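Below is one structure, written out as structure tokens; the observations come after it.
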Amino acid sequence: MTAVPDTEASAVTASNARRVALIVAIAFFMQLLDSTIISTSLPQMGQSFGVPAVAMSIGITAYMLTMAVFVPLSGWLADRFGARNIFLLAIVLFTLASLACGFSQSLPQFVAARVVQGLGSALMTPVGRILVLRSASKSELLNATALITWPALFAPVVGPVLGGFITTYLSWHWNFFINFPLGLVGLALVARFIPGDRAADPKPLDWPGFFLTSLGLALLLYGLERIAHPEDGALPAVLLVAAGIVIGWLAVRHLRRAPHPLLDLSAFRVQTFAISTLAAGTIFRVAINATPFLLPLLFQVGFGLSPVDAGLMILAYFLGNLGMKTVTTPTLRRFGFRTVMVVNGLIASASIMACAAISPETPQALVVMLMLIAGLTRSMQFTALNTLAFADIDAAQRNSAATLSSMLQQMSMLFGVAVAAAILNLSQIVRDRPALDLVDFRTAFLVIGAIGLVAALRFLVLPPGAGAEVSGHMTRT
């Protein structure tokens, strides 16, 4: 079949879609960089506030829980007040709260600012996706998704390195002040280039659905976060996760029966959305989200490298993420989603497992090569998952699908860290040693890689032409 040449109108539409995606990506980068950059400056912030460094974790917890509470509301707000208006509000809240964090003089002031920051973040991610979905045709969805995916790939890798540099050579305050120019640029671009819109007949707010969904998500995420920091033992974390699952079940039960549910669960009846977000997609995200958590620990604790040297090793991982962006779209168009997600998923999982074989004696060139491969395949899989999720979602399901996708991605990020931390702790307990050793990291990488292998094979249930309208794969056959 011969592809029809693009008309002038379609070229303008494609240009607009890329522009909207790039603007949304700038906001996403600001948000995700802030989430990762803070971890390196907690000791210095504790000194400034006169509290122990461990007490600063409440700032991260407050941010995370606020996001969990308000993410389910984002789709309804976008319908009620317009996606562009809510996205502008999200950037304003996030930017002003970042300034308040930088100017904080005490821990309570900092926590209050982080709560507002979490509110802005909760609205930013799903509503940004809604804007991109509305602006891009199916043929442009792959390119648009690739643009908004790069912040999720780069920020977790570059954030700790940048945060360490800023904290060492400037001060921790600048980790938050750098959001101010980014926020101003984002506001100007959104106001100038993204058109406003509003639902013609917005639904009434489903208060029970909001309460159950938010409470269940908050308990589940907090419980997963506590698994990675088991200072109070495992029981509180297990109870929180169990309570979150029970309340989540009640939320799903309510959403299926409500006349105007807060979230439309019919998106899960779309196979491509269900596989890429809820089933194999979530499992695979656990594996690739655990890797950025494990690698810095491996290089510093297992290899004994300094933070700077460990950061240079991680930089190769970052470059791998960057390098794949130019070939992701043509690869998906050549081979299709199913083939790429299975084959690339297997390679990505194998690269994670290969991290178990390296040691301080491994030639540095081999370690760098492994980091590049791991980064390349991680980037490809992230983009494929995020694009396929919305390949068959219709306009009526778009807002709820974007919100559900954001919720599940939050869960997979925390679950990935929680699983990795639990494996490290269990390995140390089984060996009856007072500290982590290289063997603990080898166990963790093998288990995490095996999880990825299982998830990659699950993509075989997709039909060969899954997402073909988006990838363009079938037009070549």
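Residue numbering restarts at 1 for every chain of the structure tokens, chains are lettered A, B, ... in their displayed order, and ligands are numbered from 1 as they appear.
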(request) List the neighbours of Phe459 (chain A) out to 9 Å using only C-alpha atoms; skip same-chain residues closer than 5 positions along the sequence, and give me the result as a list in words. (result) Ile275, Ser276, Ala280, Gly281, Arg338, Thr339, Met341 and Val342 of chain A
(request) Among the residues of region 109-271 of chain A, find those DSSP assigns to alpha helix (DSSP H) from the backbone and print them as a PyMOL selection string. (result) chain A and resi 109-135+138-169+174-177+179-193+207-227+234-257+271
Include C-alpha atoms and write out the residues we just selected as a tab-separated table (two decimals), in the first residue's frame.
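Written output follows (out_6.tsv):
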```
chain	number	residue	atom	x	y	z
A	109	GLN	CA	7.55	25.85	56.21
A	110	PHE	CA	9.33	23.46	53.87
A	111	VAL	CA	6.70	20.73	54.31
A	112	ALA	CA	3.87	23.21	53.63
A	113	ALA	CA	5.59	24.33	50.43
A	114	ARG	CA	6.10	20.72	49.36
A	115	VAL	CA	2.37	20.03	49.82
A	116	VAL	CA	1.54	22.85	47.38
A	117	GLN	CA	4.25	21.58	45.05
A	118	GLY	CA	2.68	18.11	45.18
A	119	LEU	CA	-0.70	19.58	44.24
A	120	GLY	CA	0.83	21.26	41.18
A	121	SER	CA	2.59	18.05	40.23
A	122	ALA	CA	-0.60	15.99	40.62
A	123	LEU	CA	-2.36	18.17	38.05
A	124	MET	CA	0.60	18.59	35.70
A	125	THR	CA	1.29	15.04	34.52
A	126	PRO	CA	-2.18	13.72	33.56
A	127	VAL	CA	-3.41	17.07	32.24
A	128	GLY	CA	-0.24	17.49	30.17
A	129	ARG	CA	-0.92	14.09	28.61
A	130	ILE	CA	-4.51	15.14	27.88
A	131	LEU	CA	-3.24	18.22	26.01
A	132	VAL	CA	-0.89	16.10	23.92
A	133	LEU	CA	-3.58	13.51	23.14
A	134	ARG	CA	-5.98	16.23	22.02
A	135	SER	CA	-3.44	17.92	19.75
A	138	LYS	CA	-2.86	8.97	15.61
A	139	SER	CA	-0.15	9.24	12.97
A	140	GLU	CA	1.64	11.87	15.09
A	141	LEU	CA	1.08	10.22	18.46
A	142	LEU	CA	4.34	8.27	18.33
A	143	ASN	CA	6.49	11.37	17.76
A	144	ALA	CA	4.56	13.36	20.36
A	145	THR	CA	4.84	10.62	22.98
A	146	ALA	CA	8.58	10.30	22.34
A	147	LEU	CA	8.94	13.99	23.20
A	148	ILE	CA	7.05	13.82	26.49
A	149	THR	CA	8.75	10.57	27.50
A	150	TRP	CA	12.31	11.90	27.59
A	151	PRO	CA	11.88	13.79	30.91
A	152	ALA	CA	10.92	10.53	32.64
A	153	LEU	CA	14.07	8.92	31.22
A	154	PHE	CA	16.58	11.70	31.81
A	155	ALA	CA	15.49	13.36	35.06
A	156	PRO	CA	16.00	10.33	37.37
A	157	VAL	CA	19.51	9.85	35.96
A	158	VAL	CA	20.76	13.42	35.70
A	159	GLY	CA	18.90	14.75	38.78
A	160	PRO	CA	21.14	13.29	41.52
A	161	VAL	CA	24.31	14.31	39.65
A	162	LEU	CA	23.06	17.85	39.08
A	163	GLY	CA	21.73	18.06	42.63
A	164	GLY	CA	25.08	17.02	44.08
A	165	PHE	CA	26.89	19.63	41.98
A	166	ILE	CA	24.48	22.43	42.96
A	167	THR	CA	24.53	21.50	46.64
A	168	THR	CA	28.34	21.31	46.70
A	169	TYR	CA	29.21	24.44	44.76
A	174	TRP	CA	19.25	26.57	44.18
A	175	ASN	CA	17.89	23.07	43.65
A	176	PHE	CA	14.49	24.75	43.94
A	177	PHE	CA	15.30	28.19	42.51
A	179	ASN	CA	12.51	25.85	38.70
A	180	PHE	CA	11.62	29.54	38.55
A	181	PRO	CA	13.00	30.29	35.06
A	182	LEU	CA	11.77	26.93	33.80
A	183	GLY	CA	8.30	27.69	35.14
A	184	LEU	CA	8.23	31.16	33.56
A	185	VAL	CA	9.24	29.75	30.19
A	186	GLY	CA	6.58	27.04	30.48
A	187	LEU	CA	3.86	29.54	31.37
A	188	ALA	CA	4.74	31.81	28.47
A	189	LEU	CA	4.77	28.95	25.98
A	190	VAL	CA	1.47	27.44	27.20
A	191	ALA	CA	-0.27	30.83	27.15
A	192	ARG	CA	1.04	31.59	23.66
A	193	PHE	CA	0.77	28.29	21.78
A	207	TRP	CA	-17.24	12.65	45.67
A	208	PRO	CA	-17.31	9.02	46.89
A	209	GLY	CA	-15.14	7.99	43.95
A	210	PHE	CA	-12.69	10.80	44.70
A	211	PHE	CA	-12.48	9.88	48.39
A	212	LEU	CA	-12.05	6.13	47.86
A	213	THR	CA	-9.63	6.42	44.94
A	214	SER	CA	-7.45	9.05	46.61
A	215	LEU	CA	-7.34	7.31	49.99
A	216	GLY	CA	-6.58	3.91	48.47
A	217	LEU	CA	-3.83	5.30	46.25
A	218	ALA	CA	-2.29	7.31	49.10
A	219	LEU	CA	-2.19	4.32	51.46
A	220	LEU	CA	-0.79	2.02	48.79
A	221	LEU	CA	1.95	4.43	47.68
A	222	TYR	CA	2.93	5.32	51.23
A	223	GLY	CA	3.12	1.64	52.12
A	224	LEU	CA	5.34	0.94	49.10
A	225	GLU	CA	7.54	3.88	50.02
A	226	ARG	CA	7.94	2.55	53.58
A	227	ILE	CA	9.07	-0.85	52.25
A	234	ALA	CA	7.93	-4.41	57.90
A	235	LEU	CA	4.53	-4.63	59.62
A	236	PRO	CA	3.44	-0.96	59.18
A	237	ALA	CA	4.33	-1.08	55.49
A	238	VAL	CA	2.44	-4.35	54.96
A	239	LEU	CA	-0.63	-3.01	56.77
A	240	LEU	CA	-0.60	0.19	54.71
A	241	VAL	CA	-0.32	-1.74	51.43
A	242	ALA	CA	-3.09	-4.13	52.49
A	243	ALA	CA	-5.38	-1.25	53.47
A	244	GLY	CA	-4.64	0.47	50.16
A	245	ILE	CA	-5.55	-2.67	48.21
A	246	VAL	CA	-8.83	-3.13	50.11
A	247	ILE	CA	-9.90	0.50	49.68
A	248	GLY	CA	-8.76	0.38	46.06
A	249	TRP	CA	-11.05	-2.61	45.50
A	250	LEU	CA	-13.93	-0.63	47.03
A	251	ALA	CA	-13.07	2.29	44.73
A	252	VAL	CA	-13.15	0.07	41.64
A	253	ARG	CA	-16.46	-1.42	42.78
A	254	HIS	CA	-17.92	2.07	43.17
A	255	LEU	CA	-16.55	3.38	39.85
A	256	ARG	CA	-18.14	0.47	37.98
A	257	ARG	CA	-21.58	1.24	39.41
A	271	GLN	CA	-6.44	-4.43	25.01
```
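In this comparison, which uses only C-alpha atoms, the residue of A:Leu319, A:Ala287, A:Ala391, A:Ala356 approaching Met371 (chain A) most closely is A:Leu319.
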(message) Using Å and a single decimal, report how far CA of Leu404 (chain A) sits from CA of Ile23 (chain A).
(response) 22.1 Å
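The nearest approach to Val286 (chain A) among the residues A:Leu305, A:Met411, A:Ala27, A:Phe103, with only C-alpha atoms taken into account, belongs to A:Met411.
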(message) Ranking A:Leu298, A:Leu263, A:Val368, A:Ile451 by minimum distance to Leu315 (chain A) and counting only C-alpha atoms, which one comes first?
(response) A:Val368
(request) For CA of Ala365 (chain A) and CA of Phe299 (chain A), quote the distance in Å rounded to one decimal. (result) 14.7 Å
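Closest approach to Arg431 (chain A) among A:Pro330, A:Ala274, A:Val419, A:Thr443: A:Thr443, based on only C-alpha atoms.
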